[in-house]
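> Please see the structure below; I have some questions.
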Amino acid sequence: MNIWEVTLAFVVVVLILVSLLSNVLVLICFLYSADIRKQVPGLFILNLTLCNLLMTVSNMPLTLAGIIYKSQPGGDQVCHTVGFLETFLTTNSMLSMAALSIDRWIAVVFPLSYHSKMRYRDAALILSYTWLHSVSFPIVAASLSWVGFHHLYASCTLYNKRPEDRTQFVIFTGVFHTLSFLLSLIILCFTYLKVLKVARFHCKRIDVITMQTLVLLVDIHPSVRERCLEEQRRRRQRATKKISTFIGTFILCFAPYVITRPMPPTVRQWPRIRVFKSLSSFISEAIESRYLQSQTTPLGGSGLCSSGRSRQHPSLRLPAVSPTLLFAL
């Protein structure tokens, strides 16, 4: 093992522990808080958390073994099963993130009709579609024997061993990325830009009220006036920073997976490309669980699991900021 592989193996071990701990905390928070369980986004949070845990216990250990031993861990049946789960859970996670963004869009843009537009039945239908959509890709790949151990990625994933099927596999990979990553990204950009538009509108209204109040309060202390103006400036940037961070992190975590697939073999074999891609893949898992924790805490909350006494409207909760998990890329 060279220095890059040793570093990658060490970081993967750390990320396995961090991912397990953080996702278990999210699951405990979901089970502990009755307020979270009663809300519709709780279904999407639970689905994402279970996807993270399954990927952590199934794919990451085998990838670590592949890095250390530089060969396929386990038999062909185990590798095919893990590759099937990797494709299914990856797609499921991305579409679930898109579903969460749709929920946030409805909660913020249509707050008065949120409970009639997004019910448990609607969330169950959305999740059913994400599962059917997600399972279709690994079924097609498994039926065409396009799942196996890829030595470049040191993991069981989508892999075509037959040169005569190269064109069909490239088409399949393009359709897979288009209907998973690109579709989710378009939905995320559309919904959160709508949310940002509403947030800016309300910021302008608050700014008008703040300036009118400062004009009327002629005897106000200068320090209080400065704090009001500073909070006004921060309010303008807060929503933009949150949404920009979310979409930017989502793109950064998926860029190695999307970019390295169509690269020529001579470029993809550069060890630093492989290390960078693998590290970003596993780091995205830890980031996702951290943002799922923020999703379980309402604005003004003081802890990871907010008390059931906090009855805030769903539109007042933090947006679901989470780059989707991608292991064994």
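All residue names refer to the structure tokens as shown: chains lettered A, B, ... in order, residues numbered from 1 in each chain, ligands numbered from 1 in order.
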Could you list, with a cut-off of 7 Å and counting only C-alpha atoms, the residues of segment 56-136 of chain A near segment 184-192 of chain A, each shown with its nearest atom pair and the distance in Å rounded to one decimal, rows sorted by chain and ascending number, as a Markdown table?

```
| residue | atom | partner | partner_atom | distance |
| --- | --- | --- | --- | --- |
| A:Met94 | CA | A:Ser184 | CA | 6.2 |
| A:Leu95 | CA | A:Ser184 | CA | 5.9 |
| A:Ala98 | CA | A:Ser184 | CA | 5.2 |
| A:Ser101 | CA | A:Leu188 | CA | 5.9 |
| A:Ile102 | CA | A:Thr191 | CA | 6.1 |
| A:Trp105 | CA | A:Thr191 | CA | 5.4 |
```
> Please, could you write that set of residues out with C-alpha atoms as a compact mmCIF listing (two decimals), in the first residue's frame?

```txt
# COMPACT_ATOMS: atom_id res chain seq x y z
CA MET A 94 -30.93 11.65 -3.88
CA LEU A 95 -34.64 11.44 -4.68
CA ALA A 98 -35.50 16.19 -3.68
CA SER A 101 -36.90 20.15 -0.75
CA ILE A 102 -40.41 19.95 -2.22
CA TRP A 105 -41.02 24.67 -0.68
```
> Using DSSP secondary structure from the backbone, list all strand (DSSP E or B) positions within segment 61-284 of chain A, as a JSON list (two decimals) with N, CA and C atoms, in the first residue's frame.

```
[["chain", "number", "residue", "atom", "x", "y", "z"],
["A", 147, "VAL", "N", -22.96, -5.34, -12.50],
["A", 147, "VAL", "CA", -22.63, -5.09, -11.09],
["A", 147, "VAL", "C", -21.48, -6.01, -10.71],
["A", 148, "GLY", "N", -20.44, -5.43, -10.12],
["A", 148, "GLY", "CA", -19.29, -6.23, -9.72],
["A", 148, "GLY", "C", -18.24, -5.40, -9.02],
["A", 149, "PHE", "N", -17.11, -6.03, -8.74],
["A", 149, "PHE", "CA", -16.02, -5.33, -8.03],
["A", 149, "PHE", "C", -15.17, -4.55, -9.03],
["A", 150, "HIS", "N", -15.06, -3.24, -8.78],
["A", 150, "HIS", "CA", -14.27, -2.36, -9.63],
["A", 150, "HIS", "C", -12.96, -2.06, -8.91],
["A", 155, "SER", "N", -14.37, -1.13, -4.76],
["A", 155, "SER", "CA", -15.68, -1.37, -4.19],
["A", 155, "SER", "C", -16.56, -2.10, -5.18],
["A", 156, "CYS", "N", -17.64, -2.65, -4.67],
["A", 156, "CYS", "CA", -18.64, -3.32, -5.50],
["A", 156, "CYS", "C", -19.66, -2.28, -5.95],
["A", 157, "THR", "N", -19.74, -2.05, -7.24],
["A", 157, "THR", "CA", -20.58, -0.99, -7.77],
["A", 157, "THR", "C", -20.95, -1.33, -9.21],
["A", 158, "LEU", "N", -21.49, -0.37, -9.94],
["A", 158, "LEU", "CA", -21.78, -0.58, -11.35],
["A", 158, "LEU", "C", -20.47, -0.79, -12.10]]
```
> Quick one, how far is atom CA of Leu21 of chain A from atom CA of Ser33 of chain A?
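Interatomic distance, atom CA of Leu21 of chain A to atom CA of Ser33 of chain A: 18.1 Å.
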> Counting only C-alpha atoms, which residue out of A:Ile206, A:Ala154, A:Leu27, A:Ile251 sits closest to Lys70 of chain A?
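Ranking A:Ile206, A:Ala154, A:Leu27, A:Ile251 by distance to Lys70 of chain A, first place goes to A:Ala154.
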> Find the residues around Pro73 of chain A up to 7 Å (only C-alpha atoms counted), leave out those fewer than 3 positions away in its own chain, and share them as a ChimeraX atom specification.
/A:62,65-66
> Enter the distance from atom CA of Tyr69 of chain A to atom CA of Val6 of chain A, in Å, rounded to one decimal.
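It comes out at 11.5 Å.
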> Report, in Å to a single decimal, how far apart atom CA of Trp146 of chain A and atom CA of Asn160 of chain A are.
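Computed distance, atom CA of Asn160 of chain A to atom CA of Trp146 of chain A, equals 4.9 Å.
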> Within 9 Å of Thr87 of chain A, counting only C-alpha atoms, which residues qualify if same-chain residues fewer than 5 places away don't, as an mmCIF file with C-alpha atoms, in the first residue's frame?

```cif
data_model
loop_
_atom_site.group_PDB
_atom_site.id
_atom_site.type_symbol
_atom_site.label_atom_id
_atom_site.label_comp_id
_atom_site.auth_asym_id
_atom_site.auth_seq_id
_atom_site.Cartn_x
_atom_site.Cartn_y
_atom_site.Cartn_z
ATOM 1 C CA VAL A 82 -23.615 -4.906 -2.058
ATOM 2 C CA ASN A 92 -33.095 6.585 -3.131
ATOM 3 C CA SER A 134 -34.456 3.708 -7.254
ATOM 4 C CA VAL A 135 -34.883 -0.044 -7.529
ATOM 5 C CA PHE A 137 -31.663 0.939 -12.008
ATOM 6 C CA PRO A 138 -30.020 -1.852 -9.971
ATOM 7 C CA THR A 157 -20.583 -0.992 -7.770
ATOM 8 C CA LEU A 158 -21.780 -0.583 -11.355
#
```
> Pick out each residue of segment 66-251 of chain A that DSSP on the backbone tags as helix (DSSP H, G or I); I need them as a ChimeraX atom specification.
/A:66-69,76-109,114-117,120-143,163-216,222-251
